[in-house]
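Structure file input20.txt; described as compact mmCIF, C-alpha atoms.
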```txt
# COMPACT_ATOMS: atom_id res chain seq x y z
CA MET A 1 -35.71 -18.63 43.91
CA ASN A 2 -38.05 -21.65 44.17
CA ILE A 3 -39.64 -20.82 40.81
CA LYS A 4 -36.20 -20.85 39.16
CA TRP A 5 -35.45 -24.35 40.51
CA THR A 6 -38.84 -25.67 39.40
CA LEU A 7 -37.87 -24.72 35.86
CA ILE A 8 -34.19 -25.68 35.96
CA LEU A 9 -34.44 -29.07 37.70
CA PRO A 10 -36.88 -30.68 35.19
CA SER A 11 -34.82 -29.30 32.29
CA VAL A 12 -31.58 -30.73 33.67
CA THR A 13 -33.31 -34.06 34.40
CA LEU A 14 -34.63 -34.20 30.83
CA LEU A 15 -31.19 -33.45 29.37
CA ILE A 16 -29.60 -36.20 31.48
CA ALA A 17 -32.31 -38.68 30.44
CA LEU A 18 -31.83 -37.79 26.76
CA PHE A 19 -28.06 -38.18 27.05
CA LEU A 20 -28.43 -41.60 28.71
CA TRP A 21 -30.93 -42.71 26.07
CA TRP A 22 -28.64 -41.54 23.25
CA THR A 23 -25.63 -43.41 24.65
CA GLN A 24 -27.69 -46.62 24.63
CA HIS A 25 -29.32 -46.10 21.22
CA ALA A 26 -26.76 -44.13 19.25
CA PRO A 27 -26.06 -45.58 15.80
CA ALA A 28 -22.88 -47.56 15.41
CA GLN A 29 -20.02 -45.32 14.38
CA ASN A 30 -17.99 -48.05 12.69
CA ILE A 31 -20.16 -49.65 9.99
CA THR A 32 -18.85 -52.24 7.53
CA SER A 33 -21.02 -53.40 4.63
CA THR A 34 -20.60 -56.59 2.66
CA PRO A 35 -21.40 -56.60 -1.07
CA LEU A 36 -24.95 -57.49 -2.08
CA ALA A 37 -25.35 -61.28 -2.34
CA LYS A 38 -26.35 -61.13 -6.04
CA ALA A 39 -26.40 -64.89 -6.78
CA CYS A 40 -29.05 -65.31 -4.12
CA ASN A 41 -32.58 -66.69 -4.55
CA LEU A 42 -34.30 -66.81 -1.15
CA HIS A 43 -37.39 -68.35 -2.85
CA GLN A 44 -35.36 -71.55 -3.40
CA GLN A 45 -32.75 -71.78 -0.63
CA ALA A 46 -30.77 -69.98 2.05
CA CYS A 47 -28.41 -67.27 0.82
CA TYR A 48 -24.81 -66.82 1.92
CA ASN A 49 -22.45 -63.92 2.34
CA THR A 50 -18.92 -63.61 3.71
CA HIS A 51 -16.71 -60.84 5.02
CA GLN A 52 -13.12 -61.66 5.93
CA ASP A 53 -13.49 -64.64 8.34
CA ILE A 54 -17.19 -64.02 8.97
CA LYS A 55 -19.72 -66.36 7.35
CA LEU A 56 -23.37 -65.35 7.14
CA SER A 57 -26.51 -67.08 5.97
CA LEU A 58 -30.11 -65.94 5.72
CA ASP A 59 -33.06 -68.24 5.20
CA ILE A 60 -36.77 -67.42 5.01
CA THR A 61 -39.61 -69.94 5.05
CA PRO A 62 -42.02 -71.01 3.66
CA LYS A 63 -40.74 -71.30 0.11
CA PRO A 64 -41.52 -69.82 -2.31
CA ILE A 65 -41.82 -66.72 -0.11
CA PRO A 66 -45.42 -65.45 -0.07
CA ILE A 67 -46.48 -61.85 0.54
CA ALA A 68 -48.80 -60.78 3.36
CA LYS A 69 -48.19 -63.98 5.32
CA GLN A 70 -46.10 -64.62 8.38
CA LEU A 71 -42.57 -65.70 7.50
CA ALA A 72 -39.89 -67.35 9.61
CA VAL A 73 -36.41 -65.82 9.43
CA ASN A 74 -33.29 -67.79 10.33
CA ALA A 75 -29.78 -66.30 10.28
CA HIS A 76 -26.49 -68.05 11.03
CA ILE A 77 -23.42 -65.99 11.87
CA GLU A 78 -19.97 -67.56 12.25
CA GLY A 79 -16.71 -65.80 13.05
CA VAL A 80 -18.06 -63.11 15.41
CA THR A 81 -20.27 -62.97 18.49
CA PRO A 82 -23.08 -60.46 17.90
CA THR A 83 -24.67 -58.50 20.73
CA ARG A 84 -27.76 -57.88 18.62
CA VAL A 85 -29.00 -58.92 15.17
CA GLN A 86 -31.75 -57.16 13.26
CA LEU A 87 -33.22 -57.61 9.80
CA ASP A 88 -33.97 -54.40 7.92
CA ILE A 89 -36.66 -54.94 5.25
CA ASN A 90 -36.42 -52.21 2.65
CA GLY A 91 -38.25 -51.73 -0.64
CA SER A 92 -35.68 -51.06 -3.38
CA ASN A 93 -38.03 -49.92 -6.13
CA MET A 94 -40.77 -48.44 -3.92
CA TYR A 95 -40.66 -47.04 -0.40
CA MET A 96 -42.57 -49.44 1.84
CA GLY A 97 -42.06 -47.71 5.19
CA TYR A 98 -39.80 -48.55 8.09
CA ASN A 99 -39.73 -52.29 8.72
CA ARG A 100 -37.07 -53.76 10.99
CA ILE A 101 -37.25 -56.81 13.20
CA THR A 102 -34.96 -57.88 16.01
CA LEU A 103 -33.89 -61.50 15.81
CA LYS A 104 -33.54 -63.61 18.95
CA GLN A 105 -30.52 -65.81 19.57
CA GLN A 106 -31.27 -69.52 19.89
CA ALA A 107 -29.43 -72.22 21.85
CA ASP A 108 -27.77 -73.49 18.65
CA GLY A 109 -26.33 -70.02 17.96
CA SER A 110 -28.75 -69.15 15.17
CA TRP A 111 -30.85 -65.97 15.21
CA THR A 112 -34.57 -66.24 14.46
CA GLY A 113 -37.63 -64.06 14.11
CA LYS A 114 -40.92 -63.52 12.31
CA MET A 115 -41.62 -61.04 9.51
CA LEU A 116 -44.22 -60.07 6.94
CA LEU A 117 -43.81 -58.64 3.44
CA ALA A 118 -46.49 -56.09 2.55
CA PHE A 119 -48.57 -56.10 -0.62
CA CYS A 120 -47.35 -53.78 -3.34
CA THR A 121 -49.20 -52.42 -6.36
CA ILE A 122 -46.34 -52.86 -8.81
CA ASP A 123 -45.79 -56.13 -10.69
CA ARG A 124 -42.35 -56.95 -9.25
CA MET A 125 -41.46 -55.66 -5.84
CA GLU A 126 -37.72 -55.62 -5.24
CA TRP A 127 -36.59 -55.83 -1.64
CA GLN A 128 -33.27 -55.50 0.09
CA LEU A 129 -33.12 -57.51 3.30
CA THR A 130 -30.13 -56.41 5.35
CA LEU A 131 -28.77 -58.23 8.37
CA LEU A 132 -27.59 -55.60 10.86
CA ILE A 133 -25.09 -57.29 13.16
CA ASP A 134 -24.04 -55.25 16.20
CA LEU A 135 -20.76 -56.23 17.86
CA ALA A 136 -19.48 -55.69 21.40
CA ASP A 137 -16.92 -53.09 20.27
CA GLY A 138 -19.73 -50.81 19.01
CA SER A 139 -19.18 -51.64 15.35
CA GLN A 140 -21.83 -52.97 13.01
CA LEU A 141 -21.65 -55.35 10.06
CA GLN A 142 -24.37 -54.93 7.42
CA ALA A 143 -25.02 -57.78 4.99
CA PRO A 144 -27.62 -57.14 2.24
CA PHE A 145 -29.60 -59.86 0.46
CA PRO A 146 -31.94 -59.27 -2.53
CA LEU A 147 -35.50 -60.56 -2.83
CA THR A 148 -38.11 -60.05 -5.54
CA THR A 149 -41.80 -60.77 -5.01
CA PRO A 150 -44.64 -60.69 -7.56
CA PHE A 151 -47.79 -58.57 -7.15
CA THR A 152 -49.97 -61.64 -6.69
CA ASP A 153 -49.46 -64.24 -4.01
CA GLN A 154 -47.61 -67.35 -5.14
```

As structure tokens:
Amino acid sequence: MNIKWTLILPSVTLLIALFLWWTQHAPAQNITSTPLAKACNLHQQACYNTHQDIKLSLDITPKPIPIAKQLAVNAHIEGVTPTRVQLDINGSNMYMGYNRITLKQQADGSWTGKMLLAFCTIDRMEWQLTLLIDLADGSQLQAPFPLTTPFTDQ
């Protein structure tokens, strides 16, 4: 009887721990995406996107945006109160691995963080930078912004 409990108890404990982890980290079930901000040039200025009454901006410095150097990210979000904001950095024309940073909320309401764009062997690397905005109701707003970087540093 004791041998049975030594096998069952850890298994039940593991299942409970996995369930609790999943409830905290489960992907948002209600995801809304804004259209790609096509008239955007992050090398020159901040880019803007809107969805209903929500206004979003993304800015990266220094400008022009270099590769393989630390970059400062600044996002402004008006019209909703996020519980978490992340920036997903995805290669559009070449897979560059998983790269996602969590932005920290500042006293002025902006969200900031640090990032790095990796070197790529192709002449023009096309990126999609997507703000992932988690809301208190469990929904998520995704706002994509394009960025193109040359092979050589600027």

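Nearest residue to A:Pro66 among A:Ile101, A:Leu117, A:Leu141, A:Met94 is A:Leu117, counting only C-alpha atoms.
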
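As for atom CA of A:Leu71 and atom CA of A:Arg124, they are spaced 18.9 Å apart.
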
Find the distance between atom CA of A:Pro144 and atom CA of A:Thr61 and write it in Å to one decimal. 17.8 Å

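When atom CA of A:Pro62 is paired with atom CA of A:Glu78, their separation reads 23.9 Å.
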
Spatial neighbours of A:Leu42, max dist 8 Å, all atoms listed in the file, sep filter under 2 positions, as a PDB file with C-alpha atoms, in the coordinates of the input:
```pdb
ATOM      1  CA  CYS A  40     -29.050 -65.310  -4.120  1.00  0.00           C
ATOM      2  CA  GLN A  44     -35.360 -71.550  -3.400  1.00  0.00           C
ATOM      3  CA  GLN A  45     -32.750 -71.780  -0.630  1.00  0.00           C
ATOM      4  CA  ALA A  46     -30.770 -69.980   2.050  1.00  0.00           C
ATOM      5  CA  CYS A  47     -28.410 -67.270   0.820  1.00  0.00           C
ATOM      6  CA  ASP A  59     -33.060 -68.240   5.200  1.00  0.00           C
ATOM      7  CA  ILE A  60     -36.770 -67.420   5.010  1.00  0.00           C
ATOM      8  CA  LYS A  63     -40.740 -71.300   0.110  1.00  0.00           C
ATOM      9  CA  PRO A  64     -41.520 -69.820  -2.310  1.00  0.00           C
ATOM     10  CA  ILE A  65     -41.820 -66.720  -0.110  1.00  0.00           C
ATOM     11  CA  LEU A 147     -35.500 -60.560  -2.830  1.00  0.00           C
TER      12      LEU A 147
END
```

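With all atoms listed in the file as the atoms that count, the minimum distance from A:Ile77 to the choices A:Leu56, A:Ala118, A:Ile31, A:Ile89 is reached by A:Leu56.
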
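Taking all atoms listed in the file, the non-local environment of A:Glu126 within 12 Å (same-chain residues fewer than 6 positions away omitted) comprises Ile89, Asn90, Gly91, Ser92, Asn93, Met94, Tyr95, Met96, Leu117, Ala118, Phe119, Cys120, Phe145, Pro146, Leu147, Thr148, Thr149, Pro150 and Phe151 of chain A.
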
Would you mind listing what lies within 7 Å of A:Lys114 as number ranges by chain, with only C-alpha atoms counted and same-chain residues fewer than 3 positions away left out? A: 70-73

My list of candidates is A:Gln29, A:Asn74, A:Thr81, A:Gln142. Which is closest to A:Met115 when distances are computed with all atoms listed in the file? A:Asn74

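Nearest-residue note for A:Ala37: choosing from A:Gln128, A:Ser139, A:Gln105, A:Ser110, the minimum distance belongs to A:Gln128, counting all atoms listed in the file.
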
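Across A:Ala143, A:Gly113, A:Pro82, A:Gln106, the tightest approach to A:Leu36 is made by A:Ala143 when counting all atoms listed in the file.
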
Which of these residues is nearest to A:Thr83, using only C-alpha atoms: A:Tyr48, A:Trp111, A:Tyr98, A:Trp127? A:Trp111
